[in-house]
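Novice: File follows, model_28.txt with compact mmCIF, C-alpha atoms:
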```txt
# COMPACT_ATOMS: atom_id res chain seq x y z
CA MET A 1 6.13 -14.36 -18.27
CA ASN A 2 8.06 -12.85 -15.36
CA ASN A 3 6.72 -9.72 -13.73
CA PHE A 4 8.18 -6.99 -11.59
CA GLY A 5 6.96 -7.16 -8.03
CA ALA A 6 7.32 -6.77 -4.32
CA VAL A 7 6.44 -8.70 -1.19
CA LEU A 8 4.83 -6.82 1.68
CA PHE A 9 4.62 -8.55 5.06
CA ALA A 10 1.42 -7.94 7.03
CA LYS A 11 -0.37 -9.03 10.19
CA ASP A 12 -3.79 -8.99 8.52
CA VAL A 13 -3.24 -10.30 4.99
CA ALA A 14 -6.87 -10.06 3.89
CA ARG A 15 -7.27 -6.46 5.10
CA ILE A 16 -4.04 -5.25 3.49
CA GLY A 17 -4.88 -7.10 0.28
CA ARG A 18 -8.30 -5.39 0.12
CA PHE A 19 -6.63 -2.04 0.84
CA TYR A 20 -4.23 -2.22 -2.12
CA GLU A 21 -6.93 -3.69 -4.34
CA ALA A 22 -9.15 -0.66 -3.67
CA VAL A 23 -6.61 2.16 -3.34
CA ALA A 24 -4.05 1.11 -5.97
CA GLY A 25 -6.42 -0.61 -8.37
CA LEU A 26 -4.64 -3.95 -8.14
CA VAL A 27 -6.51 -7.13 -9.03
CA VAL A 28 -6.44 -10.28 -6.92
CA ILE A 29 -4.66 -12.97 -8.94
CA GLU A 30 -4.40 -15.74 -6.38
CA THR A 31 -4.99 -16.29 -2.69
CA ALA A 32 -3.92 -18.77 -0.05
CA PRO A 33 -4.44 -18.88 3.71
CA THR A 34 -1.23 -16.94 4.42
CA TRP A 35 -0.85 -14.70 1.36
CA VAL A 36 -2.59 -12.90 -1.48
CA ARG A 37 -1.09 -12.09 -4.87
CA LEU A 38 -2.33 -8.93 -6.57
CA GLY A 39 -1.32 -7.40 -9.86
CA ALA A 40 -1.68 -4.76 -12.51
CA GLY A 41 0.07 -5.04 -15.86
CA ALA A 42 3.61 -6.31 -15.33
CA PHE A 43 3.59 -5.59 -11.57
CA GLU A 44 2.68 -7.99 -8.80
CA LEU A 45 2.35 -7.35 -5.08
CA VAL A 46 2.35 -10.32 -2.75
CA VAL A 47 0.94 -9.56 0.69
CA HIS A 48 2.42 -12.27 2.91
CA GLY A 49 1.46 -13.05 6.48
CA ILE A 50 3.95 -12.31 9.22
CA PRO A 51 4.66 -15.55 11.10
CA PRO A 52 2.33 -15.72 14.14
CA HIS A 53 5.15 -15.85 16.69
CA ILE A 54 6.51 -12.56 15.31
CA ALA A 55 3.09 -10.93 14.77
CA ALA A 56 2.30 -11.56 18.44
CA THR A 57 5.19 -9.31 19.48
CA PHE A 58 3.62 -6.03 18.26
CA GLU A 59 0.28 -4.25 17.94
CA ILE A 60 -1.10 -2.16 15.08
CA SER A 61 -2.44 1.17 16.35
CA THR A 62 -5.50 3.01 15.06
CA PRO A 63 -4.71 5.21 13.26
CA PRO A 64 -1.61 3.29 12.23
CA GLU A 65 1.81 4.53 13.24
CA ARG A 66 3.75 5.15 10.04
CA ARG A 67 6.84 3.04 9.50
CA GLU A 68 8.74 5.88 7.88
CA ASP A 69 12.13 4.38 8.65
CA ALA A 70 11.54 1.48 6.23
CA ALA A 71 14.10 1.00 3.49
CA ILE A 72 11.54 0.90 0.68
CA LYS A 73 8.40 2.78 -0.40
CA LEU A 74 5.99 1.28 -2.92
CA ILE A 75 4.63 3.60 -5.62
CA PHE A 76 1.30 3.12 -7.37
CA PRO A 77 -0.24 5.02 -10.30
CA VAL A 78 -3.78 6.27 -9.64
CA ALA A 79 -6.30 8.12 -11.79
CA ASP A 80 -7.31 10.51 -9.00
CA ILE A 81 -5.38 11.27 -5.79
CA ALA A 82 -8.47 12.70 -4.05
CA LEU A 83 -10.38 9.47 -4.70
CA ALA A 84 -7.41 7.39 -3.50
CA ARG A 85 -7.28 9.56 -0.34
CA ALA A 86 -10.98 9.00 0.40
CA THR A 87 -10.73 5.26 -0.30
CA ALA A 88 -7.64 4.88 1.89
CA ALA A 89 -9.40 6.64 4.78
CA GLN A 90 -12.47 4.37 4.46
CA LEU A 91 -10.22 1.30 4.68
CA GLY A 92 -8.15 2.37 7.70
CA GLY A 93 -5.16 3.92 5.94
CA GLU A 94 -4.44 7.50 4.97
CA LEU A 95 -2.91 9.75 2.39
CA ASN A 96 -1.37 13.06 3.33
CA PRO A 97 -3.63 16.10 2.87
CA SER A 98 -3.67 17.77 -0.54
CA ASP A 99 -1.42 20.61 0.66
CA ARG A 100 1.36 18.01 1.10
CA GLU A 101 1.20 16.77 -2.51
CA TRP A 102 3.97 17.78 -4.90
CA GLN A 103 4.79 17.71 -8.58
CA VAL A 104 7.46 15.42 -10.07
CA GLY A 105 7.78 15.80 -13.82
CA PRO A 106 4.39 15.05 -15.37
CA SER A 107 2.94 13.58 -12.15
CA ARG A 108 1.34 14.84 -8.96
CA VAL A 109 2.45 12.65 -6.02
CA CYS A 110 1.37 12.05 -2.45
CA ASP A 111 2.59 9.80 0.35
CA GLY A 112 0.40 7.79 2.68
CA CYS A 113 0.28 4.66 4.77
CA ASP A 114 -1.79 1.50 4.76
CA PRO A 115 -3.74 0.23 7.81
CA GLU A 116 -0.58 -1.36 9.23
CA GLY A 117 1.58 1.76 8.82
CA ASN A 118 3.48 0.71 5.69
CA VAL A 119 4.36 3.89 3.80
CA PHE A 120 3.49 4.07 0.09
CA GLN A 121 3.09 6.74 -2.56
CA VAL A 122 0.49 7.39 -5.23
CA GLN A 123 1.19 9.22 -8.49
CA MET A 124 -1.34 10.84 -10.81
CA ARG A 125 -0.35 11.98 -14.31
CA THR A 126 -1.16 15.64 -14.79
CA ALA A 127 0.35 16.23 -18.22
```
Let me see the structure of the file written as structure tokens.
Specialist:
Amino acid sequence: MNNFGAVLFAKDVARIGRFYEAVAGLVVIETAPTWVRLGAGAFELVVHGIPPHIAATFEISTPPERREDAAIKLIFPVADIALARATAAQLGGELNPSDREWQVGPSRVCDGCDPEGNVFQVQMRTA
């Protein structure tokens, strides 16, 4: 069966894989030295290592500098935004504070970034 999915390039594949496993509730499906495949339902996220010669040309800051000029933002459903916020912070990422959440239809949403600055969004059904 074919799934929907995305590929996210990362310097630290294992760290970013653990981040999305914990924050977005994805399950590790398969791993290799340079990538990890995670999934939930019909969605798969492949975290793929940036080639070493390219990864050596930039540093990841702490806290991470958000890459808000990226052309795509991943969206993940969560049961509880506050829990996702706390988990993200423990793992080196962040979600915006609760006063920067907003309502879209039946969902409460909030943006954040992973430990490498990749911007993502979580959505929690409220109705």
Novice: Tell me, as a list in words, which residues lie within 12 Å of stretch 59-67 of chain A, counting only C-alpha atoms; anything in the same chain fewer than 6 positions away does not count.
Specialist: Ala10, Lys11, Asp12, Lys73, Ala88, Ala89, Gln90, Leu91, Gly92, Gly93, Glu94, Leu95, Asn96, Asp111, Gly112, Cys113, Asp114, Pro115, Glu116, Gly117, Asn118, Val119 and Phe120 of chain A
Novice: Based on the selection just made, write C-alpha atoms of those residues as a short mmCIF file (atom, residue, chain, number, x, y, z; two decimals), in the coordinates of the input.
Specialist:
```
data_model
loop_
_atom_site.label_atom_id
_atom_site.label_comp_id
_atom_site.auth_asym_id
_atom_site.auth_seq_id
_atom_site.Cartn_x
_atom_site.Cartn_y
_atom_site.Cartn_z
CA ALA A 10 1.42 -7.94 7.03
CA LYS A 11 -0.37 -9.03 10.19
CA ASP A 12 -3.79 -8.99 8.52
CA LYS A 73 8.40 2.78 -0.40
CA ALA A 88 -7.64 4.88 1.89
CA ALA A 89 -9.40 6.64 4.78
CA GLN A 90 -12.47 4.37 4.46
CA LEU A 91 -10.22 1.30 4.68
CA GLY A 92 -8.15 2.37 7.70
CA GLY A 93 -5.16 3.92 5.94
CA GLU A 94 -4.44 7.50 4.97
CA LEU A 95 -2.91 9.75 2.39
CA ASN A 96 -1.37 13.06 3.33
CA ASP A 111 2.59 9.80 0.35
CA GLY A 112 0.40 7.79 2.68
CA CYS A 113 0.28 4.66 4.77
CA ASP A 114 -1.79 1.50 4.76
CA PRO A 115 -3.74 0.23 7.81
CA GLU A 116 -0.58 -1.36 9.23
CA GLY A 117 1.58 1.76 8.82
CA ASN A 118 3.48 0.71 5.69
CA VAL A 119 4.36 3.89 3.80
CA PHE A 120 3.49 4.07 0.09
#
```
Novice: Find the residues near stretch 45-51 of chain A: any atom within 8 Å, counting all atoms listed in the file, skip ones fewer than 5 places away on the same chain, and give them as a list of chain:residue names.
Specialist: A:Gly5, A:Ala6, A:Val7, A:Leu8, A:Phe9, A:Ala10, A:Lys11, A:Asp12, A:Val13, A:Ile16, A:Gly17, A:Thr34, A:Trp35, A:Val36, A:Arg37, A:Leu38, A:Gly39
Novice: For the residues selected in the previous step, produce a file with C-alpha atoms as a PDB file, in the frame of the given file.
Specialist:
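The resulting selection_20.pdb:
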```
ATOM      1  CA  GLY A   5       6.960  -7.160  -8.030  1.00  0.00           C
ATOM      2  CA  ALA A   6       7.320  -6.770  -4.320  1.00  0.00           C
ATOM      3  CA  VAL A   7       6.440  -8.700  -1.190  1.00  0.00           C
ATOM      4  CA  LEU A   8       4.830  -6.820   1.680  1.00  0.00           C
ATOM      5  CA  PHE A   9       4.620  -8.550   5.060  1.00  0.00           C
ATOM      6  CA  ALA A  10       1.420  -7.940   7.030  1.00  0.00           C
ATOM      7  CA  LYS A  11      -0.370  -9.030  10.190  1.00  0.00           C
ATOM      8  CA  ASP A  12      -3.790  -8.990   8.520  1.00  0.00           C
ATOM      9  CA  VAL A  13      -3.240 -10.300   4.990  1.00  0.00           C
ATOM     10  CA  ILE A  16      -4.040  -5.250   3.490  1.00  0.00           C
ATOM     11  CA  GLY A  17      -4.880  -7.100   0.280  1.00  0.00           C
ATOM     12  CA  THR A  34      -1.230 -16.940   4.420  1.00  0.00           C
ATOM     13  CA  TRP A  35      -0.850 -14.700   1.360  1.00  0.00           C
ATOM     14  CA  VAL A  36      -2.590 -12.900  -1.480  1.00  0.00           C
ATOM     15  CA  ARG A  37      -1.090 -12.090  -4.870  1.00  0.00           C
ATOM     16  CA  LEU A  38      -2.330  -8.930  -6.570  1.00  0.00           C
ATOM     17  CA  GLY A  39      -1.320  -7.400  -9.860  1.00  0.00           C
TER      18      GLY A  39
END
```
Novice: Distance atom CA of A:Pro33-atom CA of A:Thr57, one decimal place?
Specialist: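 Spanning atom CA of A:Pro33 to atom CA of A:Thr57 is a straight-line distance of 20.8 Å.
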Novice: Excluding stretch 106-110 of chain A and residues on its chain fewer than 5 positions from it, collect all residues at most 7 Å away from it, counting all atoms listed in the file, and give them as a list in words.
Specialist: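 With the cut-off at 7 Å, the set is Leu95, Asn96, Arg100, Glu101, Gln121, Val122, Gln123, Met124, Arg125, Thr126 and Ala127 of chain A.
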Novice: Kindly save the residues from that selection, with C-alpha atoms included, as a PDB file, in the frame of the given file.
Specialist:
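Once everything was written out, this is result.pdb:
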```pdb
ATOM      1  CA  LEU A  95      -2.910   9.750   2.390  1.00  0.00           C
ATOM      2  CA  ASN A  96      -1.370  13.060   3.330  1.00  0.00           C
ATOM      3  CA  ARG A 100       1.360  18.010   1.100  1.00  0.00           C
ATOM      4  CA  GLU A 101       1.200  16.770  -2.510  1.00  0.00           C
ATOM      5  CA  GLN A 121       3.090   6.740  -2.560  1.00  0.00           C
ATOM      6  CA  VAL A 122       0.490   7.390  -5.230  1.00  0.00           C
ATOM      7  CA  GLN A 123       1.190   9.220  -8.490  1.00  0.00           C
ATOM      8  CA  MET A 124      -1.340  10.840 -10.810  1.00  0.00           C
ATOM      9  CA  ARG A 125      -0.350  11.980 -14.310  1.00  0.00           C
ATOM     10  CA  THR A 126      -1.160  15.640 -14.790  1.00  0.00           C
ATOM     11  CA  ALA A 127       0.350  16.230 -18.220  1.00  0.00           C
TER      12      ALA A 127
END
```
Novice: Between A:Ala55, A:Glu44, A:Val104, A:Ala70, which is the closest to A:Ala24 once you count only C-alpha atoms?
Specialist: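 Checking each of A:Ala55, A:Glu44, A:Val104, A:Ala70 against A:Ala24, counting only C-alpha atoms, the winner is A:Glu44.
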Novice: Calculate how many Å separate atom CA of A:Ala71 from atom CA of A:Gly41, rounding to one decimal.
Specialist: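 Computing it gives 24.7 Å between the two atoms.
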